[in-house]
file work22.txt (compact mmCIF, C-alpha atoms)
# COMPACT_ATOMS: atom_id res chain seq x y z
CA MET X 14 24.41 151.68 -268.71
CA ASP X 15 22.04 148.79 -269.49
CA SER X 16 24.96 146.39 -269.97
CA PHE X 17 26.49 147.57 -266.68
CA ILE X 18 23.21 146.87 -264.86
CA SER X 19 23.04 143.42 -266.45
CA ILE X 20 26.59 142.56 -265.39
CA ASP X 21 25.94 143.88 -261.88
CA LEU X 22 22.79 141.78 -261.56
CA LEU X 23 24.50 138.68 -262.94
CA PHE X 24 27.35 138.79 -260.47
CA ARG X 25 25.11 139.70 -257.54
CA TRP X 26 22.97 136.68 -258.38
CA LEU X 27 25.98 134.39 -258.69
CA HIS X 28 27.51 135.76 -255.50
CA VAL X 29 24.33 135.08 -253.53
CA LEU X 30 23.83 131.64 -255.13
CA PHE X 31 27.34 130.47 -254.29
CA GLY X 32 27.09 132.10 -250.86
CA ILE X 33 23.90 130.19 -250.04
CA THR X 34 25.70 126.95 -250.91
CA TRP X 35 28.73 127.82 -248.81
CA ILE X 36 27.09 129.23 -245.70
CA GLY X 37 24.29 126.67 -245.78
CA LEU X 38 26.87 123.90 -245.56
CA LEU X 39 28.81 125.82 -242.90
CA TYR X 40 25.70 125.80 -240.73
CA TYR X 41 25.05 122.15 -241.59
CA PHE X 42 28.51 121.14 -240.40
CA ASN X 43 28.31 123.22 -237.20
CA PHE X 44 24.69 122.78 -236.18
CA ILE X 45 23.77 119.33 -237.54
CA GLN X 46 26.60 117.03 -238.55
CA GLY X 47 28.85 117.87 -235.62
CA GLU X 48 26.06 117.27 -233.11
CA TYR X 49 25.11 114.01 -234.82
CA PHE X 50 28.70 112.77 -234.66
CA LYS X 51 28.65 113.26 -230.89
CA GLU X 52 25.76 110.79 -230.57
CA ALA X 53 26.34 108.42 -233.52
CA GLU X 54 27.40 104.82 -233.14
CA PRO X 55 31.07 104.29 -234.06
CA ASP X 56 30.25 102.41 -237.26
CA ALA X 57 27.74 105.03 -238.39
CA LYS X 58 30.15 107.85 -237.63
CA ALA X 59 32.99 106.12 -239.48
CA ASP X 60 30.78 105.53 -242.52
CA ALA X 61 29.58 109.16 -242.59
CA THR X 62 33.13 110.44 -242.14
CA LYS X 63 34.33 108.36 -245.06
CA LYS X 64 31.41 108.76 -247.49
CA LEU X 65 29.20 111.73 -246.52
CA ALA X 66 31.62 114.34 -245.19
CA PRO X 67 33.97 114.38 -248.24
CA ARG X 68 31.01 114.97 -250.58
CA ALA X 69 29.70 117.79 -248.41
CA LEU X 70 33.20 119.28 -248.11
CA TRP X 71 33.53 119.34 -251.91
CA TRP X 72 30.46 121.56 -252.26
CA PHE X 73 31.52 123.53 -249.20
CA ARG X 74 35.00 124.49 -250.37
CA TRP X 75 34.03 125.22 -253.96
CA GLY X 76 31.03 127.21 -252.80
CA ALA X 77 33.52 129.28 -250.78
CA MET X 78 35.83 129.63 -253.76
CA PHE X 79 33.20 130.92 -256.16
CA THR X 80 31.59 133.13 -253.52
CA PHE X 81 34.99 134.75 -253.03
CA LEU X 82 35.73 135.14 -256.76
CA THR X 83 32.35 136.67 -257.55
CA GLY X 84 32.76 138.85 -254.47
CA VAL X 85 36.03 140.26 -255.82
CA ILE X 86 34.25 141.18 -259.05
CA MET X 87 31.37 142.71 -257.08
CA LEU X 88 33.84 144.82 -255.09
CA GLU X 89 35.18 146.34 -258.29
CA ILE X 90 31.65 146.96 -259.60
CA ILE X 91 30.71 148.68 -256.33
CA ARG X 92 33.93 150.70 -256.28
CA THR X 93 33.28 151.93 -259.81
CA ALA X 94 29.64 152.78 -259.18
CA HIS X 95 29.73 154.20 -255.64
CA GLY X 96 32.99 153.69 -253.80
CA TRP X 97 33.27 151.57 -250.67
CA ASP X 98 31.52 152.29 -247.38
CA SER X 99 32.21 150.84 -243.94
CA TYR X 100 29.70 148.04 -244.35
CA ILE X 101 31.29 146.61 -247.48
CA VAL X 102 34.77 146.86 -245.98
CA VAL X 103 33.75 144.82 -242.93
CA GLY X 104 31.73 142.36 -245.02
CA SER X 105 34.62 141.87 -247.42
CA LEU X 106 37.23 141.40 -244.69
CA THR X 107 35.19 138.84 -242.76
CA GLY X 108 34.26 137.04 -245.98
CA THR X 109 37.89 136.91 -247.05
CA PHE X 110 39.01 135.51 -243.71
CA MET X 111 36.23 132.94 -243.91
CA PHE X 112 37.36 131.91 -247.40
CA LEU X 113 40.98 131.59 -246.28
CA ASN X 114 39.92 129.56 -243.24
CA VAL X 115 38.14 127.09 -245.52
CA TRP X 116 41.03 126.52 -247.88
CA LEU X 117 44.02 126.93 -245.56
CA ILE X 118 42.75 125.44 -242.28
CA ILE X 119 39.44 123.58 -242.50
CA TRP X 120 39.98 121.61 -245.70
CA PRO X 121 43.64 120.57 -245.07
CA ASN X 122 42.72 119.32 -241.59
CA GLN X 123 39.46 117.71 -242.67
CA LYS X 124 41.36 115.73 -245.29
CA ILE X 125 43.26 114.16 -242.42
CA VAL X 126 40.11 113.59 -240.33
CA CYS X 127 38.33 111.95 -243.28
CA GLY X 128 41.31 109.72 -244.06
CA ILE X 129 41.92 111.27 -247.49
CA VAL X 130 45.54 111.97 -246.54
CA GLU X 131 47.67 110.62 -243.72
CA GLY X 132 48.13 112.60 -240.54
CA ASP X 133 47.22 112.97 -236.89
CA ALA X 134 43.41 113.10 -236.92
CA ALA X 135 43.26 113.79 -233.19
CA ALA X 136 45.32 116.97 -233.69
CA ALA X 137 43.66 117.98 -236.97
CA ALA X 138 40.04 117.83 -235.79
CA PRO X 139 40.29 120.63 -233.16
CA LYS X 140 42.05 122.92 -235.65
CA ALA X 141 39.32 122.40 -238.22
CA LEU X 142 36.62 122.87 -235.60
CA LEU X 143 38.06 126.16 -234.31
CA ALA X 144 38.29 127.60 -237.83
CA SER X 145 34.78 126.38 -238.64
CA ARG X 146 33.39 127.90 -235.45
CA THR X 147 35.18 131.17 -236.25
CA ASN X 148 33.55 131.21 -239.68
CA THR X 149 30.17 130.72 -238.02
CA LEU X 150 31.06 133.55 -235.62
CA PHE X 151 31.88 135.85 -238.55
CA SER X 152 28.91 134.86 -240.71
CA THR X 153 26.25 137.15 -239.26
CA LEU X 154 28.53 140.21 -239.19
CA MET X 155 29.58 139.42 -242.75
CA LEU X 156 25.94 139.30 -243.83
CA VAL X 157 25.22 142.69 -242.23
CA GLY X 158 28.22 144.09 -244.10
CA MET X 159 27.01 142.74 -247.44
CA LEU X 160 23.38 143.78 -247.02
CA GLY X 161 24.04 147.08 -245.27
CA SER X 162 26.30 148.54 -247.94
CA PHE X 163 24.70 151.75 -249.29
CA HIS X 164 21.45 150.97 -247.49
CA GLY X 165 22.34 151.84 -243.89
CA GLY X 166 22.91 155.16 -242.20
CA GLY X 167 25.11 156.69 -239.53
CA GLN X 168 28.90 156.64 -239.70
CA ALA X 169 28.88 153.37 -241.66
CA SER X 170 27.41 155.04 -244.74
CA TYR X 171 30.43 157.31 -245.23
CA LEU X 172 32.72 156.35 -248.08
CA VAL X 173 36.11 155.07 -246.97
CA ASN X 174 37.90 157.54 -249.25
CA GLN X 175 36.58 160.21 -246.88
CA GLY X 176 38.61 158.59 -244.09
CA LEU X 177 38.27 155.56 -241.82
CA SER X 178 36.00 156.21 -238.86
CA THR X 179 37.08 155.25 -235.35
CA GLY X 180 34.23 152.73 -235.22
CA LEU X 181 35.29 151.04 -238.45
CA MET X 182 38.89 150.77 -237.28
CA ALA X 183 37.68 149.24 -234.00
CA VAL X 184 35.58 146.65 -235.83
CA LEU X 185 38.47 145.76 -238.15
CA ALA X 186 40.77 145.33 -235.15
CA ILE X 187 38.26 143.01 -233.45
CA VAL X 188 37.89 140.92 -236.59
CA VAL X 189 41.67 140.60 -237.02
CA LEU X 190 42.08 139.53 -233.38
CA LEU X 191 39.34 136.93 -233.73
CA GLU X 192 40.99 135.59 -236.88
CA ALA X 193 44.31 135.37 -235.01
CA ASN X 194 42.49 133.31 -232.39
CA ALA X 195 41.22 131.00 -235.14
CA ILE X 196 44.82 130.29 -236.10
CA PHE X 197 46.63 130.31 -232.76
CA GLY X 198 44.02 130.40 -230.00
CA LYS X 199 41.32 128.35 -228.32
CA ILE X 200 37.68 127.65 -229.03
CA GLY X 201 36.40 129.03 -225.70
CA PRO X 202 32.64 129.68 -225.53
CA MET X 203 32.24 128.69 -229.18
CA ALA X 204 32.61 125.01 -228.27
CA SER X 205 28.82 124.58 -228.13
CA VAL X 206 26.28 125.40 -230.81
CA LYS X 207 24.45 127.72 -228.43
CA GLY X 208 27.73 129.41 -227.52
CA VAL X 209 28.81 130.16 -231.09
CA ILE X 210 25.34 131.46 -232.00
CA HIS X 211 25.32 133.80 -229.01
CA CYS X 212 28.88 134.96 -229.75
CA SER X 213 28.02 135.56 -233.40
CA LEU X 214 24.97 137.65 -232.59
CA ALA X 215 26.90 139.61 -229.95
CA LEU X 216 29.71 140.33 -232.44
CA THR X 217 27.16 141.57 -234.96
CA VAL X 218 25.47 143.90 -232.48
CA ILE X 219 28.81 145.29 -231.31
CA GLY X 220 30.12 145.67 -234.84
CA LEU X 221 26.96 147.35 -236.08
CA GLY X 222 26.91 149.72 -233.12
CA LEU X 223 30.54 150.73 -233.64
CA MET X 224 30.09 151.28 -237.38
CA GLN X 225 26.89 153.24 -236.98
CA TYR X 226 27.62 155.51 -234.05
CA VAL X 227 31.38 155.77 -233.38
call {"tool": "encode", "arguments": {"input": "work22.txt", "output": "structure tokens"}}
result
Amino acid sequence: MDSFISIDLLFRWLHVLFGITWIGLLYYFNFIQGEYFKEAEPDAKADATKKLAPRALWWFRWGAMFTFLTGVIMLEIIRTAHGWDSYIVVGSLTGTFMFLNVWLIIWPNQKIVCGIVEGDAAAAAPKALLASRTNTLFSTLMLVGMLGSFHGGGQASYLVNQGLSTGLMAVLAIVVLLEANAIFGKIGPMASVKGVIHCSLALTVIGLGLMQYV
């Protein structure tokens, strides 16, 4: 039992540490760097794109990778100890989509934008931005899912092996549709920093309400 507790604590600590690195840089890109690039002089923007952004993207993508890997281990630890509730299912799904967005959309397109590989930067930048905004949209709901697991009440506290609640299925459907938009859709109200923050908070309130009471 003592060794199990030690392993659980170790991977929780690592998961949070890597997550802080990843999500901190996600917010940096969306709230700080992107807004700076809108106002920067062309030479300053070009220099930051060539020298600063690739360094930040290195920490960003590997923070995502190790957050995901430690999260997979944490899922198995939680399953063994308690089973999965609605919170952890939603947190895991949004976190997985966010991880996939980093490695399959954001990073491949940012390599083009930063000049690391050849390609159409004008076409790549909007794709990377939409995926990055979607990750910001998901981030607050994901955090509720991670923190709420086995600490919340209502319908969300029921173990999934007892059956998926209507509210959980509704939240999962919303998340899948939003991820489809990240791949095929448009940025919409998430184009501005204020817009993506408001959308993220609204998604969290709706998701929490559905999980708790439906």
call {"tool": "residues_around", "arguments": {"input": "work22.txt", "residues": "X:Ser162", "least_positions_apart": "4", "cutoff": "7 Å", "atoms": "only C-alpha atoms", "output": "list in words"}}
result
Asp98, Tyr100, Ile101 and Gly158 of chain X
call {"tool": "closest_atom_pairs", "arguments": {"input": "work22.txt", "of": "stretch 33-85 of chain X", "to": "stretch 201-224 of chain X", "cutoff": "9 Å", "atoms": "all atoms listed in the file", "output": "tab-separated table"}}
result
residue	atom	partner	partner_atom	distance
X:Asn43	CA	X:Val206	CA	7.1
X:Phe44	CA	X:Val206	CA	6.2
X:Glu48	CA	X:Val206	CA	8.5
call {"tool": "closest_residue", "arguments": {"input": "work22.txt", "among": "X:Phe197, X:Trp35, X:Phe112, X:Phe42", "to": "X:Val85", "atoms": "all atoms listed in the file"}}
result
X:Phe112
call {"tool": "residues_around", "arguments": {"input": "work22.txt", "residues": "X:Ile200", "least_positions_apart": "6", "cutoff": "12 Å", "atoms": "only C-alpha atoms", "output": "PyMOL selection string"}}
result
chain X and resi 139-148+150+191-194+206+208-209+212
call {"tool": "write_last_selection", "arguments": {"input": "work22.txt", "atoms": "C-alpha atoms", "output": "PDB file, in the coordinates of the input"}}
result
ATOM      1  CA  PRO X 139      40.290 120.630-233.160  1.00  0.00           C
ATOM      2  CA  LYS X 140      42.050 122.920-235.650  1.00  0.00           C
ATOM      3  CA  ALA X 141      39.320 122.400-238.220  1.00  0.00           C
ATOM      4  CA  LEU X 142      36.620 122.870-235.600  1.00  0.00           C
ATOM      5  CA  LEU X 143      38.060 126.160-234.310  1.00  0.00           C
ATOM      6  CA  ALA X 144      38.290 127.600-237.830  1.00  0.00           C
ATOM      7  CA  SER X 145      34.780 126.380-238.640  1.00  0.00           C
ATOM      8  CA  ARG X 146      33.390 127.900-235.450  1.00  0.00           C
ATOM      9  CA  THR X 147      35.180 131.170-236.250  1.00  0.00           C
ATOM     10  CA  ASN X 148      33.550 131.210-239.680  1.00  0.00           C
ATOM     11  CA  LEU X 150      31.060 133.550-235.620  1.00  0.00           C
ATOM     12  CA  LEU X 191      39.340 136.930-233.730  1.00  0.00           C
ATOM     13  CA  GLU X 192      40.990 135.590-236.880  1.00  0.00           C
ATOM     14  CA  ALA X 193      44.310 135.370-235.010  1.00  0.00           C
ATOM     15  CA  ASN X 194      42.490 133.310-232.390  1.00  0.00           C
ATOM     16  CA  VAL X 206      26.280 125.400-230.810  1.00  0.00           C
ATOM     17  CA  GLY X 208      27.730 129.410-227.520  1.00  0.00           C
ATOM     18  CA  VAL X 209      28.810 130.160-231.090  1.00  0.00           C
ATOM     19  CA  CYS X 212      28.880 134.960-229.750  1.00  0.00           C
TER      20      CYS X 212
END
call {"tool": "closest_residue", "arguments": {"input": "work22.txt", "among": "X:Met78, X:Leu181, X:Val188, X:Ile91", "to": "X:Val227", "atoms": "all atoms listed in the file"}}
result
X:Leu181
call {"tool": "residues_around", "arguments": {"input": "work22.txt", "residues": "X:Leu156", "least_positions_apart": "3", "cutoff": "10 Å", "atoms": "only C-alpha atoms", "output": "list in words"}}
result
Tyr100, Ile101, Val103, Gly104, Ser105, Thr107, Gly108, Phe151, Ser152, Thr153, Met159, Leu160, Gly161 and Thr217 of chain X
call {"tool": "residues_around", "arguments": {"input": "work22.txt", "residues": "X:Ala138", "least_positions_apart": "4", "cutoff": "8 Å", "atoms": "only C-alpha atoms", "output": "PyMOL selection string"}}
result
chain X and resi 122-123+126+134+142
call {"tool": "residues_around", "arguments": {"input": "work22.txt", "residues": "stretch 36-40 of chain X", "least_positions_apart": "5", "cutoff": "10 Å", "atoms": "all atoms listed in the file", "output": "PDB file with C-alpha atoms, in the coordinates of the input"}}
result
ATOM      1  CA  PHE X  31      27.340 130.470-254.290  1.00  0.00           C
ATOM      2  CA  ILE X  45      23.770 119.330-237.540  1.00  0.00           C
ATOM      3  CA  GLN X  46      26.600 117.030-238.550  1.00  0.00           C
ATOM      4  CA  GLY X  47      28.850 117.870-235.620  1.00  0.00           C
ATOM      5  CA  ALA X  69      29.700 117.790-248.410  1.00  0.00           C
ATOM      6  CA  LEU X  70      33.200 119.280-248.110  1.00  0.00           C
ATOM      7  CA  TRP X  72      30.460 121.560-252.260  1.00  0.00           C
ATOM      8  CA  PHE X  73      31.520 123.530-249.200  1.00  0.00           C
ATOM      9  CA  ARG X  74      35.000 124.490-250.370  1.00  0.00           C
ATOM     10  CA  GLY X  76      31.030 127.210-252.800  1.00  0.00           C
ATOM     11  CA  ALA X  77      33.520 129.280-250.780  1.00  0.00           C
ATOM     12  CA  THR X  80      31.590 133.130-253.520  1.00  0.00           C
ATOM     13  CA  VAL X 115      38.140 127.090-245.520  1.00  0.00           C
ATOM     14  CA  SER X 145      34.780 126.380-238.640  1.00  0.00           C
ATOM     15  CA  ARG X 146      33.390 127.900-235.450  1.00  0.00           C
ATOM     16  CA  ASN X 148      33.550 131.210-239.680  1.00  0.00           C
ATOM     17  CA  THR X 149      30.170 130.720-238.020  1.00  0.00           C
ATOM     18  CA  SER X 152      28.910 134.860-240.710  1.00  0.00           C
ATOM     19  CA  VAL X 206      26.280 125.400-230.810  1.00  0.00           C
TER      20      VAL X 206
END
call {"tool": "atom_distance", "arguments": {"input": "work22.txt", "atom1": "atom CA of X:Lys51", "atom2": "atom CA of X:Ala66"}}
result
14.6 Å
call {"tool": "build_atoms", "arguments": {"input": "work22.txt", "residues": "stretch 24-37 of chain X", "atoms": "N, CA and C atoms", "output": "tab-separated table (two decimals), in the frame of the given file"}}
result
chain	number	residue	atom	x	y	z
X	24	PHE	N	26.38	139.16	-261.49
X	24	PHE	CA	27.35	138.79	-260.47
X	24	PHE	C	26.78	138.86	-259.06
X	25	ARG	N	25.81	139.73	-258.84
X	25	ARG	CA	25.11	139.70	-257.54
X	25	ARG	C	24.38	138.38	-257.37
X	26	TRP	N	23.71	137.96	-258.43
X	26	TRP	CA	22.97	136.68	-258.38
X	26	TRP	C	23.91	135.51	-258.14
X	27	LEU	N	25.02	135.47	-258.87
X	27	LEU	CA	25.98	134.39	-258.69
X	27	LEU	C	26.59	134.42	-257.30
X	28	HIS	N	26.91	135.61	-256.82
X	28	HIS	CA	27.51	135.76	-255.50
X	28	HIS	C	26.57	135.22	-254.42
X	29	VAL	N	25.31	135.57	-254.50
X	29	VAL	CA	24.33	135.08	-253.53
X	29	VAL	C	24.12	133.57	-253.68
X	30	LEU	N	24.04	133.08	-254.91
X	30	LEU	CA	23.83	131.64	-255.13
X	30	LEU	C	24.96	130.82	-254.54
X	31	PHE	N	26.20	131.20	-254.84
X	31	PHE	CA	27.34	130.47	-254.29
X	31	PHE	C	27.41	130.65	-252.78
X	32	GLY	N	27.06	131.85	-252.30
X	32	GLY	CA	27.09	132.10	-250.86
X	32	GLY	C	26.09	131.25	-250.10
X	33	ILE	N	24.91	131.05	-250.67
X	33	ILE	CA	23.90	130.19	-250.04
X	33	ILE	C	24.45	128.77	-249.90
X	34	THR	N	25.10	128.29	-250.95
X	34	THR	CA	25.70	126.95	-250.91
X	34	THR	C	26.75	126.84	-249.82
X	35	TRP	N	27.63	127.83	-249.77
X	35	TRP	CA	28.73	127.82	-248.81
X	35	TRP	C	28.24	127.94	-247.37
X	36	ILE	N	27.49	128.98	-247.08
X	36	ILE	CA	27.09	129.23	-245.70
X	36	ILE	C	26.06	128.21	-245.24
X	37	GLY	N	25.22	127.73	-246.15
X	37	GLY	CA	24.29	126.67	-245.78
X	37	GLY	C	25.03	125.43	-245.29
